[in-house]
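Read the structure below first, then the notes.
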Amino acid sequence: MKVAVVGAGAMGSLFGAMLAEAGNEVWLYDIWSEQVQTINDRGLSIERDGETRTVEIKATKDPEHISPVELVIVFVKSTQTRSAAKTAHILAGY
């Protein structure tokens with residue numbers, strides 16, 4: 001399944017990594033260039049049960065680059081909800 005996670009902070013990155021490890025094509029969308037670049041360059045480091053692993057995952061600042069997706073999950077602060085909803089609309093292909 002092609003999934004987009006809006007918001008690549010702690011929760012969005014964690015859930016995105018878990019979905020990617022489960023075999024989904026996952027894209028993280030974020031507005032911060034540095035965050036997007038770091039994820040694309042290094043992947044995500046996830047620590048669980050005392051073990052750290054790196055999950056290769058793609059990130060972008062351009063929702064049209066990955067649209068349409070089958071599922072959009074939003075993990076943003078409440079002050080960013082309106083903007084995230086507009087982005088989710090684009091990601092869903094509408």
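Labels used: A, B, ... for chains in the order of the structure tokens, numbers from 1 for residues in each chain, and numbers from 1 for ligands as shown.
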
Sel. of helix (DSSP H, G or I) residues, chain A, as a PDB file with C-alpha atoms, in the first residue's frame:
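Okay, this is what ended up in selection_1.pdb:
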ATOM      1  CA  ALA A  10       8.715  11.677  16.511  1.00  0.00           C
ATOM      2  CA  MET A  11       5.282  10.080  16.084  1.00  0.00           C
ATOM      3  CA  GLY A  12       5.051  10.410  12.305  1.00  0.00           C
ATOM      4  CA  SER A  13       8.537   8.980  11.871  1.00  0.00           C
ATOM      5  CA  LEU A  14       7.864   6.081  14.248  1.00  0.00           C
ATOM      6  CA  PHE A  15       4.596   5.067  12.611  1.00  0.00           C
ATOM      7  CA  GLY A  16       6.036   5.622   9.136  1.00  0.00           C
ATOM      8  CA  ALA A  17       8.977   3.360   9.956  1.00  0.00           C
ATOM      9  CA  MET A  18       6.698   0.634  11.321  1.00  0.00           C
ATOM     10  CA  LEU A  19       4.499   0.778   8.231  1.00  0.00           C
ATOM     11  CA  ALA A  20       7.569   0.627   5.977  1.00  0.00           C
ATOM     12  CA  GLU A  21       8.921  -2.377   7.876  1.00  0.00           C
ATOM     13  CA  SER A  33      13.977  20.964   4.509  1.00  0.00           C
ATOM     14  CA  GLU A  34      16.637  19.818   6.978  1.00  0.00           C
ATOM     15  CA  GLN A  35      14.422  17.034   8.339  1.00  0.00           C
ATOM     16  CA  VAL A  36      13.528  15.826   4.847  1.00  0.00           C
ATOM     17  CA  GLN A  37      17.164  15.870   3.709  1.00  0.00           C
ATOM     18  CA  THR A  38      18.392  14.022   6.803  1.00  0.00           C
ATOM     19  CA  ILE A  39      15.764  11.287   6.424  1.00  0.00           C
ATOM     20  CA  ASN A  40      16.629  10.844   2.745  1.00  0.00           C
ATOM     21  CA  ASP A  41      20.368  10.762   3.490  1.00  0.00           C
ATOM     22  CA  ARG A  42      20.404   8.612   6.633  1.00  0.00           C
ATOM     23  CA  PRO A  63       3.080  16.457  -1.940  1.00  0.00           C
ATOM     24  CA  GLU A  64       2.477  16.421  -5.691  1.00  0.00           C
ATOM     25  CA  HIS A  65       5.681  14.393  -6.110  1.00  0.00           C
ATOM     26  CA  SER A  78      -2.790  21.297  16.297  1.00  0.00           C
ATOM     27  CA  THR A  79      -1.583  24.663  15.008  1.00  0.00           C
ATOM     28  CA  GLN A  80      -0.639  22.983  11.709  1.00  0.00           C
ATOM     29  CA  THR A  81      -3.887  21.055  11.207  1.00  0.00           C
ATOM     30  CA  ARG A  82      -5.387  23.352   8.563  1.00  0.00           C
ATOM     31  CA  SER A  83      -2.246  23.241   6.415  1.00  0.00           C
ATOM     32  CA  ALA A  84      -1.904  19.481   6.941  1.00  0.00           C
ATOM     33  CA  ALA A  85      -5.500  18.932   5.807  1.00  0.00           C
ATOM     34  CA  LYS A  86      -4.801  20.822   2.578  1.00  0.00           C
ATOM     35  CA  THR A  87      -1.688  18.715   2.032  1.00  0.00           C
ATOM     36  CA  ALA A  88      -3.618  15.502   2.750  1.00  0.00           C
ATOM     37  CA  HIS A  89      -6.141  16.526   0.102  1.00  0.00           C
ATOM     38  CA  ILE A  90      -3.345  16.827  -2.481  1.00  0.00           C
ATOM     39  CA  LEU A  91      -1.739  13.559  -1.380  1.00  0.00           C
TER      40      LEU A  91
END

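Secondary structure of stretch 6-70 of chain A, strand (DSSP E) only (DSSP, backbone atoms): A:Val6, A:Glu25, A:Val26, A:Trp27, A:Leu28, A:Tyr29, A:Leu44, A:Ser45, A:Ile46, A:Glu47, A:Arg48, A:Glu51, A:Thr52, A:Arg53, A:Thr54, A:Val55, A:Lys58, A:Ala59, A:Thr60.
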
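Take the candidates A:Ala4, A:Ile46, A:Val55, A:Val69 and check each one against A:Trp27 using only C-alpha atoms; the shortest distance goes to A:Ala4.
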
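Closest approach to A:Lys61 among A:Ile31, A:Ala22, A:Ala92, A:Ala8 is made by A:Ile31 (distances from only C-alpha atoms).
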
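Of note, atom CA of A:Asp30 and atom CA of A:Gly7 are spaced 5.1 Å apart.
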
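The closest residue to A:Ile73, picked from A:Tyr94, A:Met1, A:Val6, A:Glu56 and counting only C-alpha atoms, is A:Val6.
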